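Q: Please see the structure below; I have some questions.
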Amino acid sequence: MTLTLADIRAAHTRIKDRIHRTPVMTSAALNEKAGAQLFFKCENLQKIGAFKARGATNAVALLSDEQARRGVVTHSSGNHAAALARAAKLRGIPAYIVMPSNSPQAKLASVRRYGAEVIQCEPTMTARESTAQSVVERTGATFVHPYNDVRVMAGQGTTALELLEDVPDLTDILCPVGGGGLISGVSVAVKSINPEIRVLGVEPQGADDAARSLAAGHIIPSTSPNTIADGLRSSLGELTFEQIQLHVDGIVTVSENEILHAMRAIWEVLKIIVEPSGAVGYGALVDGQLDLPGRRIGIILTGGNLDLDTLPWTTPAKA
């Protein structure tokens with residue numbers, strides 16, 4: 001299926017009453033440091049603390065009544081798990097969430113709070129996929145992929161619709177890249193509205209499969225990602241890679257130090273919590289990977305979920 005601006009606009013109409021319209025924040029101090037005007041789209045303030053609420057809500061809303069009756073299933077250890085559990089609860093249908101046994105307790109608790117059934121498995125992708133498939137066979141539930149799904153991609157693209165409504169004269173948009181669902185939707189929306197706006201993906205150097213895949217012209221899976229940005233360790237999907245090839249102007253990579261510097265600067269200056277995966281866009285600017293003087297740059301802060309007992313610049317808090 002081809003993702004279009006019409007799909008994204010329809011998704012926004014469908015979900016806008018069930019998500020937050022997140023704010024766009026600016027900072028004179030961060031502008032001065034970057035030598036550009038920065039506009040932060042704060043999806044860390046979204047429902048469940050991440051942009052994932054958009055795609056999951058759209059996917060669940062598009063189920064037929066018969067599909068909805070049987071529920072939904074996915075495998076995820078992160079934000080998509082909570083997002084799909086919440087979307088299912090809003091529609092009053094079952095949700096079956098396969099989570100690896102090493103998932104943080106806070107994330108397990110979040111999924112369960114929304115009433116989903118958690119099925120734990122060994123912490124490998126093979127185990128996650130096979131367990132999810134067995135749940136589909138047992139329940140007849142519809143599988144909703146965390147990113148390689150046009151319904152999910154359309155929902156994520158609504159982030160860009162809101163950003164461009166609030167700040168229509170952007171020159172560039174920086175978007176984190178993990179599995180590619182967000183940047184797929186964002187790039188389709190942006191290039192359909194104003195092709196002159198550059199869309200740049202940002203990913204950690206230790207999980208740079210998107211940059212390598214784009215350069216090679218085919219997907220190079222991420223086999224052993226090594227980064228603090230846990231939300232960006234996924235490999236691209238076929239559907240998302242197709243949109244990246246068509247619409248994304250380039251992908252830059254950032255070091256772990258750049259991610260941490262960016263994350264801390266956002267906490268200290270904007271006074272908001274952002275997780276490492278959400279900080280990579282600003283990380284590309286803060287230490288010079290990108291030099292975009294005088295530009296008007298949209299930066300998507302994708303999420304704000306992390307374990308506050310293990311902040312990366314402190315020792316664990318004592319009970």
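Simple scheme: letters A, B, ... for chains in structure tokens order, numbers from 1 for residues in each chain, numbers from 1 for ligands in the order shown.
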Determine, counting only C-alpha atoms, which protein, DNA and RNA residues have an atom within 10 Å of an atom of Gly217 (chain A); residues of the same chain fewer than 5 positions away are not included. Present the result as a list of chain:residue names.

A: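 That gives A:Arg212, A:Phe241, A:Glu242, A:Gln245.
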
Q: Would you pick out the contacts of region 254-257 of chain A at 12 Å or less, using only C-alpha atoms, so that residues sharing its chain but fewer than 3 positions from it are not included, and give the list as a VMD selection string?

A: chain A and resid 176 to 177 201 to 208 211 226 to 230 251 260 to 264 276 to 277 279 to 290 312 to 313

Q: Expressed in Å to a single decimal, how great is the separation between CA of Gly140 (chain A) and CA of Arg69 (chain A)?

A: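 Value for the CA of Gly140 (chain A)-CA of Arg69 (chain A) distance: 9.5 Å.
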
Q: List every residue of region 20-208 of chain A that DSSP, applied to the backbone of this structure, places in strand (DSSP E or B), and write the result as a PyMOL selection string.

A: chain A and resi 24-25+37-42+50+72-75+95-100+117-121+142-143+172-176+198-204

Q: Can I get the selection written as a PDB file, in the first residue's frame, with C-alpha atoms?

A:
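Full text of out-v3.pdb as output:
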```pdb
ATOM      1  CA  VAL A  24       5.957  23.487  19.913  1.00  0.00           C
ATOM      2  CA  MET A  25       8.583  24.989  22.194  1.00  0.00           C
ATOM      3  CA  GLN A  37      15.892  29.041  14.995  1.00  0.00           C
ATOM      4  CA  LEU A  38      14.750  25.787  16.572  1.00  0.00           C
ATOM      5  CA  PHE A  39      11.176  24.608  17.008  1.00  0.00           C
ATOM      6  CA  PHE A  40      10.766  21.551  19.232  1.00  0.00           C
ATOM      7  CA  LYS A  41       7.646  19.422  18.622  1.00  0.00           C
ATOM      8  CA  CYS A  42       7.109  17.954  22.092  1.00  0.00           C
ATOM      9  CA  ALA A  50       5.510   9.232  23.073  1.00  0.00           C
ATOM     10  CA  VAL A  72      -5.135  -6.823  18.681  1.00  0.00           C
ATOM     11  CA  VAL A  73      -1.697  -8.252  19.312  1.00  0.00           C
ATOM     12  CA  THR A  74       1.835  -6.944  18.998  1.00  0.00           C
ATOM     13  CA  HIS A  75       5.326  -7.562  20.308  1.00  0.00           C
ATOM     14  CA  ALA A  95      -5.095  -6.422  23.629  1.00  0.00           C
ATOM     15  CA  TYR A  96      -2.385  -9.077  23.810  1.00  0.00           C
ATOM     16  CA  ILE A  97       1.105  -7.652  24.215  1.00  0.00           C
ATOM     17  CA  VAL A  98       4.140  -9.913  23.848  1.00  0.00           C
ATOM     18  CA  MET A  99       7.027  -8.483  25.879  1.00  0.00           C
ATOM     19  CA  PRO A 100      10.521  -9.905  26.413  1.00  0.00           C
ATOM     20  CA  GLU A 117      -2.793  -9.209  28.681  1.00  0.00           C
ATOM     21  CA  VAL A 118       1.001  -9.406  28.811  1.00  0.00           C
ATOM     22  CA  ILE A 119       2.637 -12.545  27.431  1.00  0.00           C
ATOM     23  CA  GLN A 120       6.331 -12.706  28.237  1.00  0.00           C
ATOM     24  CA  CYS A 121       8.921 -14.471  26.116  1.00  0.00           C
ATOM     25  CA  THR A 142      -5.108  -8.676  14.416  1.00  0.00           C
ATOM     26  CA  PHE A 143      -1.366  -8.125  14.508  1.00  0.00           C
ATOM     27  CA  ASP A 172      14.347  21.630   7.758  1.00  0.00           C
ATOM     28  CA  ILE A 173      12.893  18.925   9.996  1.00  0.00           C
ATOM     29  CA  LEU A 174      15.072  16.592  12.083  1.00  0.00           C
ATOM     30  CA  CYS A 175      13.431  13.275  12.925  1.00  0.00           C
ATOM     31  CA  PRO A 176      14.793  10.292  14.881  1.00  0.00           C
ATOM     32  CA  ARG A 198      14.394  19.171   3.926  1.00  0.00           C
ATOM     33  CA  VAL A 199      13.649  16.072   6.004  1.00  0.00           C
ATOM     34  CA  LEU A 200      16.706  14.641   7.720  1.00  0.00           C
ATOM     35  CA  GLY A 201      16.761  11.471   9.755  1.00  0.00           C
ATOM     36  CA  VAL A 202      18.985  11.170  12.824  1.00  0.00           C
ATOM     37  CA  GLU A 203      20.149   7.937  14.435  1.00  0.00           C
ATOM     38  CA  PRO A 204      22.879   6.791  16.825  1.00  0.00           C
TER      39      PRO A 204
END
```

Q: Please produce, as CSV, a per-residue contact table for region 96-161 of chain A versus region 9-19 of chain A (criterion: any atom at most 8 Å away, only C-alpha atoms considered), showing the nearest atom pair and its distance in Å to one decimal, sorted by chain then residue number.

A:
```
residue,atom,partner,partner_atom,distance
A:Ala154,CA,A:Ala11,CA,6.3
A:Gly155,CA,A:Ala11,CA,5.6
A:Thr158,CA,A:His12,CA,5.7
A:Leu161,CA,A:Arg9,CA,7.8
```

Q: For Gly78 (chain A), please output as an MDAnalysis selection string all residues within 9 Å (counting only C-alpha atoms; exclusion window: fewer than 4 positions along the same chain).

A: chainID A and resid 82 99 103:104 107 230:231 305

Q: Convert the current residue selection to file output with all heavy atoms, as a PDB file, in the first residue's frame.

A:
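Contents of out.pdb, freshly written:
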```pdb
ATOM      1  N   ALA A  82       2.592   0.109  25.174  1.00  0.00           N
ATOM      2  CA  ALA A  82       1.635   0.919  25.937  1.00  0.00           C
ATOM      3  C   ALA A  82       0.652   1.624  25.013  1.00  0.00           C
ATOM      4  O   ALA A  82      -0.538   1.753  25.332  1.00  0.00           O
ATOM      5  CB  ALA A  82       2.381   1.939  26.792  1.00  0.00           C
ATOM      6  N   MET A  99       5.907  -9.286  25.400  1.00  0.00           N
ATOM      7  CA  MET A  99       7.027  -8.483  25.879  1.00  0.00           C
ATOM      8  C   MET A  99       8.154  -9.400  26.326  1.00  0.00           C
ATOM      9  O   MET A  99       7.905 -10.420  26.974  1.00  0.00           O
ATOM     10  CB  MET A  99       6.586  -7.577  27.036  1.00  0.00           C
ATOM     11  CG  MET A  99       5.437  -6.642  26.682  1.00  0.00           C
ATOM     12  SD  MET A  99       4.992  -5.492  28.019  1.00  0.00           S
ATOM     13  CE  MET A  99       6.395  -4.354  27.971  1.00  0.00           C
ATOM     14  N   SER A 103      12.059  -6.907  29.932  1.00  0.00           N
ATOM     15  CA  SER A 103      11.419  -5.601  29.845  1.00  0.00           C
ATOM     16  C   SER A 103      11.435  -4.920  31.215  1.00  0.00           C
ATOM     17  O   SER A 103      11.247  -5.584  32.243  1.00  0.00           O
ATOM     18  CB  SER A 103       9.959  -5.743  29.384  1.00  0.00           C
ATOM     19  OG  SER A 103       9.884  -6.286  28.087  1.00  0.00           O
ATOM     20  N   PRO A 104      11.639  -3.602  31.244  1.00  0.00           N
ATOM     21  CA  PRO A 104      11.604  -2.890  32.526  1.00  0.00           C
ATOM     22  C   PRO A 104      10.250  -3.060  33.205  1.00  0.00           C
ATOM     23  O   PRO A 104       9.203  -3.057  32.550  1.00  0.00           O
ATOM     24  CB  PRO A 104      11.837  -1.426  32.112  1.00  0.00           C
ATOM     25  CG  PRO A 104      12.539  -1.507  30.800  1.00  0.00           C
ATOM     26  CD  PRO A 104      11.993  -2.723  30.118  1.00  0.00           C
ATOM     27  N   LYS A 107       7.588  -0.501  32.432  1.00  0.00           N
ATOM     28  CA  LYS A 107       6.880  -0.632  31.164  1.00  0.00           C
ATOM     29  C   LYS A 107       5.848  -1.750  31.221  1.00  0.00           C
ATOM     30  O   LYS A 107       4.753  -1.630  30.654  1.00  0.00           O
ATOM     31  CB  LYS A 107       7.878  -0.842  30.023  1.00  0.00           C
ATOM     32  CG  LYS A 107       8.738   0.387  29.774  1.00  0.00           C
ATOM     33  CD  LYS A 107       9.651   0.234  28.577  1.00  0.00           C
ATOM     34  CE  LYS A 107      10.427   1.523  28.333  1.00  0.00           C
ATOM     35  NZ  LYS A 107      11.329   1.432  27.161  1.00  0.00           N
ATOM     36  N   ASP A 230      17.394   3.375  23.351  1.00  0.00           N
ATOM     37  CA  ASP A 230      16.799   2.054  23.177  1.00  0.00           C
ATOM     38  C   ASP A 230      15.650   2.054  22.179  1.00  0.00           C
ATOM     39  O   ASP A 230      15.377   1.036  21.544  1.00  0.00           O
ATOM     40  CB  ASP A 230      16.330   1.502  24.525  1.00  0.00           C
ATOM     41  CG  ASP A 230      15.307   2.398  25.195  1.00  0.00           C
ATOM     42  OD1 ASP A 230      15.658   3.524  25.596  1.00  0.00           O
ATOM     43  OD2 ASP A 230      14.143   1.977  25.321  1.00  0.00           O
ATOM     44  N   GLY A 231      14.975   3.187  21.998  1.00  0.00           N
ATOM     45  CA  GLY A 231      13.875   3.240  21.051  1.00  0.00           C
ATOM     46  C   GLY A 231      14.311   3.257  19.599  1.00  0.00           C
ATOM     47  O   GLY A 231      13.471   3.165  18.703  1.00  0.00           O
ATOM     48  N   ASN A 305       9.998   8.744  28.026  1.00  0.00           N
ATOM     49  CA  ASN A 305       9.873   7.597  28.938  1.00  0.00           C
ATOM     50  C   ASN A 305      11.247   6.997  29.222  1.00  0.00           C
ATOM     51  O   ASN A 305      11.919   6.522  28.314  1.00  0.00           O
ATOM     52  CB  ASN A 305       8.962   6.533  28.327  1.00  0.00           C
ATOM     53  CG  ASN A 305       7.544   7.037  28.160  1.00  0.00           C
ATOM     54  OD1 ASN A 305       6.991   7.671  29.053  1.00  0.00           O
ATOM     55  ND2 ASN A 305       6.950   6.777  27.006  1.00  0.00           N
TER      56      ASN A 305
END
```

Q: Could you pull out the helix (DSSP H, G or I) residues of region 3-87 of chain A, going by DSSP on the backbone, and write them as a PyMOL selection string?

A: chain A and resi 5-18+28-34+43-45+47-49+52-61+65-70+79-87

Q: For region 2-4 of chain A, work out the shell of residues within 10 Å, counting only C-alpha atoms and skipping chain neighbours fewer than 2 positions away, then give it as a PyMOL selection string.

A: chain A and resi 6-10+149-151+153-154+157+184-185+188-189+192+239-240+242-243

Q: Write out the residues from the selection above, keeping all heavy atoms, as a short mmCIF file (atom, residue, chain, number, x, y, z; two decimals), in the first residue's frame.

A:
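The resulting file, out-v2.cif, is reproduced below:
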```
data_model
loop_
_atom_site.label_atom_id
_atom_site.label_comp_id
_atom_site.auth_asym_id
_atom_site.auth_seq_id
_atom_site.Cartn_x
_atom_site.Cartn_y
_atom_site.Cartn_z
N ALA A 6 -3.41 12.26 1.92
CA ALA A 6 -4.83 12.06 2.25
C ALA A 6 -4.99 11.06 3.38
O ALA A 6 -5.84 11.24 4.27
CB ALA A 6 -5.59 11.60 1.01
N ASP A 7 -4.18 10.00 3.39
CA ASP A 7 -4.22 9.01 4.48
C ASP A 7 -3.88 9.67 5.81
O ASP A 7 -4.50 9.39 6.84
CB ASP A 7 -3.23 7.87 4.22
CG ASP A 7 -3.57 7.05 2.99
OD1 ASP A 7 -4.76 6.89 2.70
OD2 ASP A 7 -2.62 6.58 2.33
N ILE A 8 -2.88 10.53 5.79
CA ILE A 8 -2.41 11.18 7.01
C ILE A 8 -3.44 12.18 7.50
O ILE A 8 -3.72 12.26 8.70
CB ILE A 8 -1.04 11.82 6.77
CG1 ILE A 8 -0.01 10.74 6.42
CG2 ILE A 8 -0.59 12.62 7.99
CD1 ILE A 8 1.31 11.26 5.89
N ARG A 9 -4.02 12.94 6.60
CA ARG A 9 -5.07 13.89 7.00
C ARG A 9 -6.28 13.15 7.56
O ARG A 9 -6.87 13.58 8.57
CB ARG A 9 -5.48 14.76 5.81
CG ARG A 9 -4.41 15.75 5.35
CD ARG A 9 -5.02 16.82 4.45
NE ARG A 9 -4.04 17.66 3.83
CZ ARG A 9 -3.42 18.68 4.42
NH1 ARG A 9 -3.67 18.95 5.69
NH2 ARG A 9 -2.54 19.41 3.77
N ALA A 10 -6.65 12.05 6.94
CA ALA A 10 -7.78 11.26 7.44
C ALA A 10 -7.47 10.69 8.82
O ALA A 10 -8.32 10.65 9.71
CB ALA A 10 -8.11 10.14 6.47
N ASP A 149 3.67 -0.76 9.07
CA ASP A 149 2.22 -0.85 8.88
C ASP A 149 1.75 0.51 8.41
O ASP A 149 1.99 1.52 9.08
CB ASP A 149 1.57 -1.24 10.21
CG ASP A 149 0.07 -1.45 10.12
OD1 ASP A 149 -0.63 -0.59 9.56
OD2 ASP A 149 -0.41 -2.48 10.64
N VAL A 150 1.07 0.57 7.27
CA VAL A 150 0.66 1.85 6.70
C VAL A 150 -0.27 2.61 7.63
O VAL A 150 -0.23 3.84 7.72
CB VAL A 150 0.02 1.64 5.31
CG1 VAL A 150 -0.58 2.93 4.79
CG2 VAL A 150 1.06 1.12 4.33
N ARG A 151 -1.12 1.88 8.36
CA ARG A 151 -2.03 2.54 9.30
C ARG A 151 -1.25 3.24 10.40
O ARG A 151 -1.58 4.36 10.82
CB ARG A 151 -2.99 1.51 9.90
CG ARG A 151 -3.86 0.77 8.90
CD ARG A 151 -4.51 -0.47 9.53
NE ARG A 151 -3.50 -1.42 10.01
CZ ARG A 151 -3.79 -2.58 10.58
NH1 ARG A 151 -5.06 -2.93 10.76
NH2 ARG A 151 -2.83 -3.39 10.98
N MET A 153 1.99 4.18 10.17
CA MET A 153 2.76 5.25 9.55
C MET A 153 1.91 6.49 9.32
O MET A 153 2.35 7.62 9.53
CB MET A 153 3.35 4.74 8.23
CG MET A 153 4.40 3.67 8.40
SD MET A 153 4.57 2.55 6.98
CE MET A 153 5.03 3.69 5.68
N ALA A 154 0.66 6.28 8.91
CA ALA A 154 -0.24 7.42 8.69
C ALA A 154 -0.49 8.17 9.99
O ALA A 154 -0.50 9.41 10.04
CB ALA A 154 -1.55 6.94 8.08
N GLY A 157 2.46 10.25 10.93
CA GLY A 157 2.61 11.42 10.08
C GLY A 157 1.81 12.63 10.53
O GLY A 157 2.10 13.76 10.13
N SER A 184 8.74 7.97 8.08
CA SER A 184 7.97 7.68 6.88
C SER A 184 6.76 8.59 6.80
O SER A 184 6.52 9.27 5.79
CB SER A 184 7.52 6.22 6.87
OG SER A 184 8.61 5.35 6.78
N GLY A 185 5.95 8.60 7.86
CA GLY A 185 4.77 9.45 7.87
C GLY A 185 5.11 10.91 7.80
O GLY A 185 4.48 11.68 7.05
N VAL A 188 6.38 11.90 4.16
CA VAL A 188 5.29 11.96 3.18
C VAL A 188 4.47 13.22 3.37
O VAL A 188 4.15 13.93 2.41
CB VAL A 188 4.40 10.70 3.28
CG1 VAL A 188 3.12 10.88 2.46
CG2 VAL A 188 5.16 9.47 2.81
N ALA A 189 4.13 13.54 4.63
CA ALA A 189 3.35 14.74 4.90
C ALA A 189 4.10 15.99 4.48
O ALA A 189 3.57 16.87 3.79
CB ALA A 189 2.99 14.80 6.38
N SER A 192 4.68 16.40 0.67
CA SER A 192 3.43 16.64 -0.04
C SER A 192 2.95 18.08 0.17
O SER A 192 2.33 18.67 -0.72
CB SER A 192 2.35 15.66 0.45
OG SER A 192 2.73 14.33 0.21
N LEU A 239 8.26 -1.46 4.20
CA LEU A 239 7.38 -0.34 3.90
C LEU A 239 8.00 0.99 4.29
O LEU A 239 7.91 1.98 3.56
CB LEU A 239 6.03 -0.52 4.60
CG LEU A 239 5.20 -1.74 4.20
CD1 LEU A 239 3.93 -1.81 5.04
CD2 LEU A 239 4.85 -1.70 2.71
N THR A 240 8.64 1.01 5.45
CA THR A 240 9.24 2.27 5.89
C THR A 240 10.46 2.62 5.05
O THR A 240 10.67 3.80 4.71
CB THR A 240 9.62 2.21 7.38
OG1 THR A 240 10.56 1.15 7.61
CG2 THR A 240 8.39 1.97 8.24
N GLU A 242 10.95 2.01 1.96
CA GLU A 242 10.49 2.54 0.68
C GLU A 242 10.20 4.04 0.77
O GLU A 242 10.58 4.83 -0.10
CB GLU A 242 9.24 1.79 0.22
CG GLU A 242 8.66 2.30 -1.09
CD GLU A 242 7.39 1.59 -1.48
OE1 GLU A 242 6.94 0.69 -0.73
OE2 GLU A 242 6.82 1.95 -2.54
N GLN A 243 9.53 4.45 1.84
CA GLN A 243 9.21 5.87 2.01
C GLN A 243 10.46 6.70 2.28
O GLN A 243 10.58 7.83 1.80
CB GLN A 243 8.20 6.05 3.15
CG GLN A 243 6.88 5.32 2.96
CD GLN A 243 6.21 5.66 1.63
OE1 GLN A 243 6.20 6.82 1.21
NE2 GLN A 243 5.66 4.66 0.98
#
```

Q: How many Å separate CA of Ala215 (chain A) from CA of Gly250 (chain A)?

A: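 So the two atoms, CA of Ala215 (chain A) and CA of Gly250 (chain A), lie 9.3 Å apart.
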
Q: Would you kindly return, as a count of residues only, each protein, DNA or RNA residue with an atom no farther than 6 Å from any atom of Gly179 (chain A), considering only C-alpha atoms and excluding same-chain residues fewer than 5 positions away?

A: 3

Q: So which one's closest to Glu165 (chain A), A:Ile259, A:Leu62, A:Ile193, A:Leu308? Using only C-alpha atoms, please.

A: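 The answer is A:Ile193, which sits nearest to Glu165 (chain A).
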
Q: At what distance in Å, to one decimal, does CA of Asn31 (chain A) lie from CA of Ile266 (chain A)?

A: 12.0 Å

Q: Determine the nearest neighbour of Leu63 (chain A) from the options A:Ala141, A:Glu162, A:Asn194, A:Leu311, counting only C-alpha atoms.

A: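 Of the candidates, the smallest distance to Leu63 (chain A) is held by A:Ala141.
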
Q: So, counting only C-alpha atoms, which residue among A:His218, A:Ser213, A:Asp169, A:Glu258 is closest to Pro195 (chain A)?

A: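 Among A:His218, A:Ser213, A:Asp169, A:Glu258, it is A:Asp169 that comes nearest to Pro195 (chain A).
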
Q: Name all residues at most 7 Å from Asn44 (chain A) (count only C-alpha atoms; drop same-chain ones fewer than 2 positions away) and give them as an MDAnalysis selection string.

A: chainID A and resid 42 46 49:50 274 301:304
